[in-house]
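S.K.: coords11.txt is reproduced below (compact mmCIF, C-alpha atoms).
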# COMPACT_ATOMS: atom_id res chain seq x y z
CA MET D 140 85.04 107.42 98.08
CA ILE D 141 87.49 108.18 100.85
CA LEU D 142 86.44 109.06 104.36
CA PRO D 143 87.93 111.86 106.47
CA GLY D 144 90.30 111.07 109.30
CA ASN D 145 92.47 108.83 107.12
CA ALA D 146 96.24 108.41 107.39
CA SER D 147 97.32 110.46 104.35
CA CYS D 148 99.95 113.16 104.88
CA GLN D 149 98.99 116.83 104.91
CA GLY D 150 98.41 118.00 101.34
CA CYS D 151 98.49 114.47 99.93
CA PRO D 152 97.73 114.43 96.19
CA ILE D 153 96.75 110.75 96.24
CA SER D 154 93.78 111.44 98.48
CA ILE D 155 92.68 114.19 96.07
CA VAL D 156 92.67 111.59 93.28
CA MET D 157 90.90 109.04 95.51
CA ARG D 158 88.10 111.54 96.02
CA CYS D 159 87.67 111.71 92.23
CA LEU D 160 86.82 107.98 92.18
CA ASP D 161 83.19 109.00 92.75
CA GLU D 162 83.06 109.60 88.97
CA ILE D 163 83.33 105.83 88.48
CA SER D 164 80.33 103.69 89.38
CA ASN D 165 80.80 100.60 91.56
CA PRO D 166 84.58 100.68 91.66
CA VAL D 167 86.48 97.74 93.14
CA LEU D 168 90.11 98.53 93.87
CA ALA D 169 93.17 96.31 93.81
CA ILE D 170 96.00 98.12 95.62
CA PRO D 171 99.56 96.84 96.11
CA ALA D 172 101.73 97.86 99.08
CA SER D 173 102.04 101.62 98.77
CA CYS D 174 101.07 104.96 100.27
CA SER D 175 97.56 104.15 99.05
CA THR D 176 97.52 101.05 101.27
CA VAL D 177 98.40 103.19 104.27
CA ILE D 178 95.68 105.68 103.38
CA ALA D 179 93.12 102.89 102.92
CA GLY D 180 93.71 102.03 106.59
CA LEU D 181 94.52 99.19 108.93
CA HIS D 182 92.18 96.26 109.49
CA PRO D 183 89.49 96.22 110.90
CA LYS D 184 89.03 99.84 109.78
CA SER D 185 88.97 101.07 106.21
CA ALA D 186 89.06 104.68 105.02
CA MET D 187 87.58 103.64 101.67
CA LYS D 188 83.87 103.45 100.98
CA VAL D 189 84.51 100.93 98.21
CA PRO D 190 85.80 97.34 98.24
CA VAL D 191 89.59 97.17 98.30
CA VAL D 192 91.72 94.09 97.73
CA HIS D 193 95.24 94.52 99.08
CA VAL D 194 97.58 92.55 96.86
CA PRO D 195 101.30 91.74 96.56
CA PHE D 196 103.26 94.11 94.33
CA PRO D 197 103.79 92.34 91.01
CA SER D 198 100.38 90.66 90.98
CA THR D 199 98.15 93.74 90.98
CA LEU D 200 97.08 93.56 87.36
CA ALA D 201 96.71 89.78 87.48
CA VAL D 202 94.37 90.08 90.48
CA ALA D 203 92.44 92.90 88.81
CA ALA D 204 92.08 90.90 85.60
CA GLY D 205 90.77 87.92 87.58
CA LEU D 206 88.31 90.07 89.50
CA SER D 207 87.02 91.65 86.31
CA GLU D 208 86.50 88.25 84.66
CA ALA D 209 84.85 86.80 87.78
CA TYR D 210 82.42 89.71 88.10
CA LYS D 211 81.52 89.35 84.45
CA ARG D 212 80.71 85.64 84.85
CA LEU D 213 78.71 86.28 88.00
CA GLY D 214 76.81 89.05 86.29
CA VAL D 215 77.93 91.62 88.87
CA LYS D 216 78.25 95.16 87.58
CA ALA D 217 81.59 96.47 88.79
CA ASN D 218 84.41 98.61 87.47
CA VAL D 219 87.64 96.97 88.54
CA VAL D 220 90.39 99.49 89.15
CA ALA D 221 94.03 98.52 89.45
CA TRP D 222 95.29 101.38 91.60
CA ILE D 223 99.07 101.55 91.50
CA GLY D 224 101.89 104.02 91.91
CA ASP D 225 104.82 104.54 89.60
CA GLY D 226 106.81 102.15 91.81
CA ALA D 227 104.31 99.34 91.40
CA ALA D 228 104.25 100.09 87.69
CA ASP D 229 107.99 99.30 87.70
CA ILE D 230 107.72 96.21 89.87
CA GLY D 231 104.55 94.90 88.28
CA PHE D 232 105.39 95.90 84.75
CA ALA D 233 105.25 92.39 83.33
CA ALA D 234 101.68 91.89 84.59
CA LEU D 235 100.71 95.42 83.50
CA SER D 236 102.03 94.87 79.99
CA ALA D 237 100.41 91.44 79.73
CA SER D 238 97.07 92.77 80.93
CA ALA D 239 97.18 95.60 78.39
CA ALA D 240 98.06 93.15 75.63
CA ARG D 241 95.12 90.89 76.62
CA LYS D 242 92.87 93.96 76.63
CA ASP D 243 91.47 93.00 80.02
CA ASP D 244 88.32 94.91 80.88
CA LEU D 245 89.59 97.11 83.70
CA ILE D 246 90.84 100.58 84.55
CA THR D 247 94.46 101.06 85.59
CA ILE D 248 95.19 104.23 87.51
CA VAL D 249 98.81 105.14 88.11
CA VAL D 250 99.33 107.87 90.70
CA ASP D 251 102.73 109.04 89.58
CA ASN D 252 104.67 110.82 92.31
CA GLU D 253 107.95 110.11 90.54
CA ALA D 254 109.57 107.93 93.22
CA TYR D 255 108.93 105.12 95.72
CA MET D 256 107.44 107.46 98.32
CA ASN D 257 106.05 104.97 100.83
CA THR D 258 109.46 103.44 101.49
CA GLY D 259 111.25 106.79 101.71
CA THR D 260 111.71 108.33 98.25
CA GLN D 261 113.83 105.90 96.28
CA ALA D 262 114.20 106.68 92.58
CA SER D 263 111.80 104.92 90.22
CA LEU D 264 111.80 104.78 86.44
CA SER D 265 109.40 107.74 86.54
CA THR D 266 111.80 109.95 88.50
CA PHE D 267 112.92 113.04 86.64
CA TRP D 268 116.47 113.28 85.36
CA LYS D 269 118.65 115.00 88.00
CA ALA D 270 116.00 114.78 90.75
CA LYS D 271 117.46 114.03 94.18
CA THR D 272 116.13 110.92 95.91
CA THR D 273 117.63 108.72 98.63
CA THR D 274 119.03 106.38 95.98
CA SER D 275 120.19 109.24 93.75
CA PRO D 276 121.56 111.71 96.32
CA THR D 277 123.33 113.81 93.68
CA GLY D 278 120.50 113.64 91.16
CA LYS D 279 119.21 110.75 89.06
CA THR D 280 121.48 109.96 86.15
CA GLU D 281 118.87 108.30 83.90
CA GLU D 282 115.96 109.94 82.16
CA ARG D 283 112.40 109.14 83.16
CA ARG D 284 110.41 106.51 81.31
CA ASN D 285 107.24 107.58 79.53
CA LEU D 286 104.83 104.93 80.81
CA ALA D 287 101.70 106.30 79.13
CA LEU D 288 103.37 106.15 75.70
CA ILE D 289 104.33 102.53 76.36
CA MET D 290 100.67 101.79 77.09
CA LEU D 291 99.74 103.54 73.85
CA ALA D 292 102.11 101.18 72.07
CA HIS D 293 100.00 98.31 73.49
CA LYS D 294 97.05 99.77 71.57
CA ALA D 295 95.17 100.08 74.85
CA ASP D 296 91.55 101.15 74.38
CA TYR D 297 91.97 104.33 76.38
CA VAL D 298 95.16 106.04 77.53
CA ALA D 299 95.30 109.39 79.27
CA THR D 300 97.58 111.51 81.38
CA ALA D 301 96.11 113.87 83.96
CA SER D 302 97.20 116.04 86.85
CA VAL D 303 95.89 116.86 90.32
CA GLY D 304 96.36 120.49 89.34
CA TYR D 305 93.54 120.21 86.79
CA ILE D 306 90.84 118.42 88.71
CA LYS D 307 87.99 118.98 86.26
CA ASP D 308 90.07 117.58 83.42
CA LEU D 309 90.96 114.63 85.65
CA ARG D 310 87.34 113.96 86.61
CA ARG D 311 86.27 114.17 82.96
CA LYS D 312 88.90 111.56 82.07
CA PHE D 313 87.63 109.29 84.85
CA ARG D 314 84.12 109.59 83.40
CA ARG D 315 85.42 108.93 79.89
CA ALA D 316 87.31 105.85 81.13
CA GLU D 317 84.16 104.56 82.80
CA GLU D 318 82.10 104.97 79.62
CA MET D 319 84.55 102.92 77.60
CA LYS D 320 85.26 99.21 77.68
CA GLY D 321 88.50 97.25 77.57
CA PHE D 322 91.89 98.19 78.91
CA ARG D 323 91.84 101.77 80.12
CA PHE D 324 94.95 103.44 81.50
CA LEU D 325 95.36 106.75 83.30
CA GLN D 326 98.62 108.20 84.58
CA ILE D 327 98.11 111.02 87.03
CA HIS D 328 100.80 113.46 88.07
CA THR D 329 100.75 113.70 91.87
CA PRO D 330 103.39 116.02 93.38
CA CYS D 331 104.32 114.69 96.83
CA PRO D 332 105.13 117.36 99.46
CA PRO D 333 107.47 115.29 101.70
CA GLY D 334 109.07 113.41 98.81
CA TRP D 335 109.70 116.38 96.55
CA LYS D 336 110.38 118.65 99.51
CA PHE D 337 107.93 121.51 99.16
CA PRO D 338 105.36 122.86 101.67
CA SER D 339 102.08 120.92 101.87
CA GLU D 340 99.90 123.81 100.65
CA LYS D 341 101.75 123.87 97.30
CA THR D 342 100.59 120.45 96.03
CA VAL D 343 98.13 121.84 93.49
CA GLU D 344 100.34 124.77 92.53
CA VAL D 345 103.35 122.52 91.82
CA ALA D 346 101.13 120.21 89.74
CA ARG D 347 99.89 123.18 87.72
CA LYS D 348 103.38 124.54 87.23
CA ALA D 349 104.49 121.15 85.89
CA VAL D 350 101.86 121.47 83.17
CA MET D 351 102.42 125.19 82.59
CA SER D 352 106.17 124.72 82.14
CA GLY D 353 105.65 121.81 79.76
CA ALA D 354 107.21 119.25 82.13
CA TRP D 355 103.96 117.25 82.32
CA ILE D 356 101.90 116.86 79.17
CA LEU D 357 98.12 116.39 79.36
CA TRP D 358 96.84 114.16 76.56
CA GLU D 359 94.43 111.37 75.88
CA TYR D 360 93.99 108.61 73.34
CA ASP D 361 90.77 106.82 72.49
CA GLY D 362 91.60 105.72 68.99
CA LYS D 363 93.11 109.09 68.23
CA LEU D 364 95.70 110.93 70.26
CA ARG D 365 94.99 114.53 71.15
CA LEU D 366 96.23 117.09 73.62
CA SER D 367 93.78 117.95 76.40
CA LYS D 368 92.23 121.42 76.33
CA ALA D 369 93.57 122.29 79.77
CA GLY D 370 97.17 122.02 78.64
CA GLU D 371 97.25 122.20 74.84
CA LYS D 372 98.53 125.76 74.68
CA TYR D 373 101.77 124.70 76.34
CA ALA D 374 102.72 122.85 73.16
CA LEU D 375 103.94 126.27 72.04
CA LYS D 376 107.07 127.17 73.90
CA GLU D 377 106.24 130.86 74.19
CA ASN D 378 103.14 130.03 76.26
CA ARG D 379 105.10 128.14 78.90
CA ILE D 380 106.23 129.58 82.21
CA PRO D 381 109.98 129.45 82.94
CA LEU D 382 111.01 125.93 83.97
CA GLU D 383 112.77 127.41 87.03
CA ASP D 384 109.34 128.23 88.48
CA TYR D 385 108.42 124.55 88.49
CA LEU D 386 111.82 123.42 89.77
CA LYS D 387 111.48 125.31 93.06
CA GLN D 388 111.46 122.06 94.99
CA GLY D 389 114.01 120.59 97.39
CA ARG D 390 114.77 117.71 95.03
CA PHE D 391 115.99 120.14 92.36
CA SER D 392 117.71 122.67 94.63
CA HIS D 393 121.18 121.62 93.44
CA LEU D 394 120.63 122.23 89.71
CA SER D 395 122.96 124.57 87.83
CA ASP D 396 121.67 126.89 85.11
CA GLU D 397 123.31 124.65 82.55
CA GLU D 398 121.49 121.60 83.87
CA ILE D 399 118.17 123.46 83.80
CA ARG D 400 118.76 124.30 80.13
CA GLU D 401 119.53 120.64 79.45
CA LEU D 402 116.36 119.62 81.27
CA GLU D 403 114.41 122.07 79.16
CA GLN D 404 115.83 120.46 76.06
CA LYS D 405 114.74 117.01 77.27
CA ILE D 406 111.23 118.35 77.82
CA ASP D 407 111.18 119.73 74.27
CA GLU D 408 112.19 116.30 72.99
CA ASP D 409 109.32 114.71 74.98
CA TRP D 410 106.85 117.08 73.30
CA GLU D 411 108.31 116.42 69.85
CA LEU D 412 108.03 112.67 70.35
CA LEU D 413 104.44 112.85 71.58
CA LEU D 414 103.27 115.20 68.86
CA ARG D 415 104.49 112.74 66.24
CA PHE D 416 101.67 110.42 67.37
CA SER D 417 98.93 113.01 67.19
CA MET C 269 81.59 80.59 105.51
CA ASP C 270 81.31 83.82 107.46
CA LEU C 271 83.93 86.16 106.04
CA SER C 272 82.89 89.24 107.99
CA PRO C 273 85.75 89.10 110.57
CA ILE C 274 88.36 89.46 107.83
CA ILE C 275 86.64 92.25 105.91
CA SER C 276 87.54 95.79 106.99
CA LYS C 277 84.68 98.18 107.65
CA ALA C 278 84.48 101.67 106.16
CA THR C 279 85.09 103.97 109.12
CA VAL C 280 85.36 107.71 109.56
CA ALA C 281 88.52 108.52 111.55
CA SER C 282 90.36 105.33 110.56
CA ALA C 283 93.53 107.14 111.67
CA GLY C 284 91.87 109.07 114.51
CA GLU C 285 90.74 112.68 114.74
CA THR C 286 93.30 114.06 112.31
CA GLY C 287 92.41 117.66 113.19
CA SER C 288 94.96 117.29 115.99
CA TRP C 289 97.76 117.20 113.37
CA ARG C 290 97.03 120.80 112.43
CA ASN C 291 99.53 123.62 112.99
CA TYR C 292 97.57 126.19 110.99
CA ARG C 293 93.82 126.55 110.84
CA PRO C 294 92.14 127.70 107.61
CA ALA C 295 89.73 130.54 108.34
CA VAL C 296 87.19 131.64 105.73
CA THR C 297 86.15 135.27 105.32
CA ALA C 298 82.54 134.85 104.21
CA ASP C 299 82.34 138.33 102.59
CA LEU C 300 85.12 137.45 100.15
CA CYS C 301 83.90 133.94 99.33
CA SER C 302 82.28 133.63 95.88
CA LYS C 303 81.19 130.01 96.47
CA CYS C 304 83.14 128.87 93.41
CA GLY C 305 83.75 125.51 95.03
CA ASN C 306 87.47 125.26 94.25
CA CYS C 307 88.36 124.51 97.87
CA ILE C 308 85.66 121.83 98.03
CA LEU C 309 87.04 120.17 94.88
CA TYR C 310 90.68 120.26 95.88
CA CYS C 311 90.58 119.62 99.65
CA PRO C 312 92.59 116.39 100.04
CA GLU C 313 90.54 115.39 103.08
CA GLY C 314 87.13 116.19 101.66
CA VAL C 315 86.23 118.14 104.81
CA ILE C 316 84.98 121.32 103.12
CA SER C 317 81.32 121.59 102.17
CA GLU C 318 78.88 124.26 101.08
CA GLY C 319 77.19 125.93 103.99
CA GLY C 320 75.88 129.25 105.25
CA ASP C 321 77.18 132.30 103.34
CA SER C 322 80.37 130.55 102.32
CA VAL C 323 81.83 127.14 103.05
CA GLU C 324 82.06 125.02 106.15
CA ILE C 325 85.20 123.26 107.26
CA ASP C 326 85.09 120.19 109.52
CA TYR C 327 87.91 121.04 111.91
CA ARG C 328 87.69 117.64 113.54
CA PHE C 329 89.51 116.19 110.55
CA CYS C 330 91.12 119.16 108.72
CA LYS C 331 94.88 118.49 108.80
CA GLY C 332 95.71 122.12 108.03
CA CYS C 333 97.63 121.45 104.80
CA GLY C 334 96.66 124.83 103.32
CA VAL C 335 95.74 123.58 99.82
CA CYS C 336 92.37 125.38 100.15
CA LYS C 337 94.14 128.69 100.76
CA GLU C 338 96.25 128.23 97.63
CA VAL C 339 93.39 127.30 95.29
CA CYS C 340 91.10 130.10 96.52
CA GLU C 341 91.06 132.68 93.75
CA GLN C 342 89.25 135.21 95.97
CA ARG C 343 91.89 134.90 98.70
CA ALA C 344 89.08 134.33 101.16
CA ILE C 345 91.00 131.75 103.19
CA GLU C 346 93.73 132.60 105.66
CA MET C 347 95.93 130.21 107.61
CA ILE C 348 96.02 131.13 111.29
CA PRO C 349 98.50 129.51 113.72
CA GLU C 350 96.73 127.23 116.19
Could you render the structure from this file as structure tokens?

M.R.:
Amino acid sequence: MILPGNASCQGCPISIVMRCLDEISNPVLAIPASCSTVIAGLHPKSAMKVPVVHVPFPSTLAVAAGLSEAYKRLGVKANVVAWIGDGAADIGFAALSASAARKDDLITIVVDNEAYMNTGTQASLSTFWKAKTTTSPTGKTEERRNLALIMLAHKADYVATASVGYIKDLRRKFRRAEEMKGFRFLQIHTPCPPGWKFPSEKTVEVARKAVMSGAWILWEYDGKLRLSKAGEKYALKENRIPLEDYLKQGRFSHLSDEEIRELEQKIDEDWELLLRFS
Amino acid sequence: MDLSPIISKATVASAGETGSWRNYRPAVTADLCSKCGNCILYCPEGVISEGGDSVEIDYRFCKGCGVCKEVCEQRAIEMIPE
């Protein structure tokens, strides 16, 4: 779905996810200002083989909902995809929440790189506690928001988290989302080499270590919440790799052992909370 | 109304021949390659395809990120300085 020679950075996880769009038939994308806009290219060229509507930040879900309704009335078969980052999920949260509540027939894909990367790594609500960004130079003081759980609370028809480290699991979830109808939501963990400050070849490895250390939980909900096969064994703490292995990134280089222990505790709490829903 | 002037066209090399960004070139050792397809799946650029005894890389657009080297379980890919 994305052509070579595009403007993505070396090792960009977003372009890996964009390639997975070929699991969805006739996608039509609505993309707000973001790294994804840059990757999609400058007019009159487009790096995307699918129709893309570039939209203002807070309106993404409103535009997508309108497109979906219009296609339905025209009898055009299309899967409308609201393609946003964690930043646009902050800025456009009102429209996102409203769309989920209306059960609009569309797929929302959040590529979560845990900060506003396109504008130079400002902290978002998805940014990890204690992660360094340009607006949290000594580490973010607030904990991250669990967006996928909020979507679950909207009783969305399909909610899933995925990771670029587990591409087959991700592609399966795209297929599952396509099969279903109604409001479908996927949040995909996309480690960003320049933003998180790690070498470009480590994108997939960092994503896998996030899952293996328990810091990113793979689950899906389609009426019933369950852990995904690829990551379910990490529910047991003894199966996880040491969190330090995952934290080998520039944005965490300042952490003390005490802070790492505290972070581990927060991750345990995230698991406990999620497992209460399953 | 003719809308074609305001609609962008799908184009290969929308940002130019990105192979020129590369500092390291991935080189495949065909003998070690098991054709598992991991590099094809994970390549952010989508420039790796099946071909010959192993895989083929389109160096015109490969940015040299090295993701293919990391996901190769056979260690059949090496990064060589350009």

S.K.: Take the point (97.4, 100.4, 71.6) in the file's coordinates, draw a sphere of radius 10 Å around it, and report as an MDAnalysis selection string every protein, DNA or RNA residue with an atom inside or on it, counting only C-alpha atoms.

M.R.: chainID D and resid 239:240 242 288:298 322 360:362

S.K.: Using CA of Leu245 in chain D and CA of Ala203 in chain D as the two end points, give the distance in Å to one decimal.

M.R.: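 One can read the CA of Leu245 in chain D to CA of Ala203 in chain D distance as 7.2 Å.
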
S.K.: Just give me the residues with any atom within 12 Å of (102.1, 92.9, 83.6), file coordinates, counting only C-alpha atoms, written as a ChimeraX atom specification.

M.R.: /D:196-204,221,227-243,247,290,293

S.K.: Would you save the residues from that selection as an mmCIF file, in the coordinates of the input, using C-alpha atoms?

M.R.:
data_model
loop_
_atom_site.group_PDB
_atom_site.id
_atom_site.type_symbol
_atom_site.label_atom_id
_atom_site.label_comp_id
_atom_site.auth_asym_id
_atom_site.auth_seq_id
_atom_site.Cartn_x
_atom_site.Cartn_y
_atom_site.Cartn_z
ATOM 1 C CA PHE D 196 103.260 94.110 94.330
ATOM 2 C CA PRO D 197 103.790 92.340 91.010
ATOM 3 C CA SER D 198 100.380 90.660 90.980
ATOM 4 C CA THR D 199 98.150 93.740 90.980
ATOM 5 C CA LEU D 200 97.080 93.560 87.360
ATOM 6 C CA ALA D 201 96.710 89.780 87.480
ATOM 7 C CA VAL D 202 94.370 90.080 90.480
ATOM 8 C CA ALA D 203 92.440 92.900 88.810
ATOM 9 C CA ALA D 204 92.080 90.900 85.600
ATOM 10 C CA ALA D 221 94.030 98.520 89.450
ATOM 11 C CA ALA D 227 104.310 99.340 91.400
ATOM 12 C CA ALA D 228 104.250 100.090 87.690
ATOM 13 C CA ASP D 229 107.990 99.300 87.700
ATOM 14 C CA ILE D 230 107.720 96.210 89.870
ATOM 15 C CA GLY D 231 104.550 94.900 88.280
ATOM 16 C CA PHE D 232 105.390 95.900 84.750
ATOM 17 C CA ALA D 233 105.250 92.390 83.330
ATOM 18 C CA ALA D 234 101.680 91.890 84.590
ATOM 19 C CA LEU D 235 100.710 95.420 83.500
ATOM 20 C CA SER D 236 102.030 94.870 79.990
ATOM 21 C CA ALA D 237 100.410 91.440 79.730
ATOM 22 C CA SER D 238 97.070 92.770 80.930
ATOM 23 C CA ALA D 239 97.180 95.600 78.390
ATOM 24 C CA ALA D 240 98.060 93.150 75.630
ATOM 25 C CA ARG D 241 95.120 90.890 76.620
ATOM 26 C CA LYS D 242 92.870 93.960 76.630
ATOM 27 C CA ASP D 243 91.470 93.000 80.020
ATOM 28 C CA THR D 247 94.460 101.060 85.590
ATOM 29 C CA MET D 290 100.670 101.790 77.090
ATOM 30 C CA HIS D 293 100.000 98.310 73.490
#

S.K.: Using all atoms listed in the file, pick whichever of C:Thr297, C:Gln342, C:Ser272, C:Thr286 has the shortest atom-to-atom distance to chain D.

M.R.: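 Of C:Thr297, C:Gln342, C:Ser272, C:Thr286, the one nearest chain D is C:Thr286, counting all atoms listed in the file.
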
S.K.: Which residue, D:Val250, D:Leu309, D:Ala346, D:Ala301, has the smallest gap to Val335 in chain C when you use all atoms listed in the file?

M.R.: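 Nearest candidate to Val335 in chain C out of D:Val250, D:Leu309, D:Ala346, D:Ala301: D:Ala346.
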
S.K.: How about completing range 301-328 of chain C with N, CA and C atoms and giving it to me as an mmCIF file, keeping the file's coordinate frame?

M.R.:
data_model
loop_
_atom_site.group_PDB
_atom_site.id
_atom_site.type_symbol
_atom_site.label_atom_id
_atom_site.label_comp_id
_atom_site.auth_asym_id
_atom_site.auth_seq_id
_atom_site.Cartn_x
_atom_site.Cartn_y
_atom_site.Cartn_z
ATOM 1 N N CYS C 301 84.160 135.235 99.979
ATOM 2 C CA CYS C 301 83.900 133.940 99.330
ATOM 3 C C CYS C 301 82.869 134.086 98.217
ATOM 4 N N SER C 302 83.220 133.546 97.002
ATOM 5 C CA SER C 302 82.280 133.630 95.880
ATOM 6 C C SER C 302 81.571 132.292 95.662
ATOM 7 N N LYS C 303 81.792 131.355 96.562
ATOM 8 C CA LYS C 303 81.190 130.010 96.470
ATOM 9 C C LYS C 303 81.531 129.321 95.157
ATOM 10 N N CYS C 304 82.753 129.506 94.678
ATOM 11 C CA CYS C 304 83.140 128.870 93.410
ATOM 12 C C CYS C 304 83.328 127.371 93.572
ATOM 13 N N GLY C 305 83.639 126.945 94.784
ATOM 14 C CA GLY C 305 83.750 125.510 95.030
ATOM 15 C C GLY C 305 85.134 124.918 94.792
ATOM 16 N N ASN C 306 86.112 125.775 94.470
ATOM 17 C CA ASN C 306 87.470 125.260 94.250
ATOM 18 C C ASN C 306 88.010 124.527 95.472
ATOM 19 N N CYS C 307 87.813 125.124 96.658
ATOM 20 C CA CYS C 307 88.360 124.510 97.870
ATOM 21 C C CYS C 307 87.688 123.167 98.140
ATOM 22 N N ILE C 308 86.393 123.085 97.812
ATOM 23 C CA ILE C 308 85.660 121.830 98.030
ATOM 24 C C ILE C 308 86.229 120.741 97.118
ATOM 25 N N LEU C 309 86.517 121.131 95.850
ATOM 26 C CA LEU C 309 87.040 120.170 94.880
ATOM 27 C C LEU C 309 88.434 119.681 95.230
ATOM 28 N N TYR C 310 89.273 120.603 95.708
ATOM 29 C CA TYR C 310 90.680 120.260 95.880
ATOM 30 C C TYR C 310 91.055 119.794 97.280
ATOM 31 N N CYS C 311 90.218 120.018 98.281
ATOM 32 C CA CYS C 311 90.580 119.620 99.650
ATOM 33 C C CYS C 311 90.941 118.133 99.692
ATOM 34 N N PRO C 312 92.193 117.802 100.049
ATOM 35 C CA PRO C 312 92.590 116.390 100.040
ATOM 36 C C PRO C 312 91.767 115.544 101.010
ATOM 37 N N GLU C 313 91.266 116.162 102.071
ATOM 38 C CA GLU C 313 90.540 115.390 103.080
ATOM 39 C C GLU C 313 89.051 115.297 102.783
ATOM 40 N N GLY C 314 88.563 116.169 101.915
ATOM 41 C CA GLY C 314 87.130 116.190 101.660
ATOM 42 C C GLY C 314 86.346 116.690 102.854
ATOM 43 N N VAL C 315 86.908 117.661 103.598
ATOM 44 C CA VAL C 315 86.230 118.140 104.810
ATOM 45 C C VAL C 315 85.597 119.513 104.615
ATOM 46 N N ILE C 316 85.611 120.021 103.368
ATOM 47 C CA ILE C 316 84.980 121.320 103.120
ATOM 48 C C ILE C 316 83.668 121.075 102.373
ATOM 49 N N SER C 317 82.615 121.738 102.838
ATOM 50 C CA SER C 317 81.320 121.590 102.170
ATOM 51 C C SER C 317 80.641 122.947 102.075
ATOM 52 N N GLU C 318 79.650 123.024 101.188
ATOM 53 C CA GLU C 318 78.880 124.260 101.080
ATOM 54 C C GLU C 318 78.093 124.466 102.368
ATOM 55 N N GLY C 319 77.970 125.707 102.776
ATOM 56 C CA GLY C 319 77.190 125.930 103.990
ATOM 57 C C GLY C 319 77.148 127.399 104.352
ATOM 58 N N GLY C 320 76.019 127.858 104.835
ATOM 59 C CA GLY C 320 75.880 129.250 105.250
ATOM 60 C C GLY C 320 76.150 130.206 104.111
ATOM 61 N N ASP C 321 76.878 131.322 104.400
ATOM 62 C CA ASP C 321 77.180 132.300 103.340
ATOM 63 C C ASP C 321 78.433 131.914 102.576
ATOM 64 N N SER C 322 79.147 130.911 103.028
ATOM 65 C CA SER C 322 80.370 130.550 102.320
ATOM 66 C C SER C 322 80.555 129.040 102.341
ATOM 67 N N VAL C 323 81.614 128.586 102.949
ATOM 68 C CA VAL C 323 81.830 127.140 103.050
ATOM 69 C C VAL C 323 82.067 126.771 104.507
ATOM 70 N N GLU C 324 81.830 125.512 104.791
ATOM 71 C CA GLU C 324 82.060 125.020 106.150
ATOM 72 C C GLU C 324 83.214 124.040 106.146
ATOM 73 N N ILE C 325 84.061 124.163 107.162
ATOM 74 C CA ILE C 325 85.200 123.260 107.260
ATOM 75 C C ILE C 325 85.030 122.408 108.521
ATOM 76 N N ASP C 326 85.197 121.087 108.362
ATOM 77 C CA ASP C 326 85.090 120.190 109.520
ATOM 78 C C ASP C 326 86.463 120.140 110.207
ATOM 79 N N TYR C 327 86.612 120.937 111.253
ATOM 80 C CA TYR C 327 87.910 121.040 111.910
ATOM 81 C C TYR C 327 88.296 119.797 112.705
ATOM 82 N N ARG C 328 87.345 118.883 112.855
ATOM 83 C CA ARG C 328 87.690 117.640 113.540
ATOM 84 C C ARG C 328 88.723 116.845 112.746
#
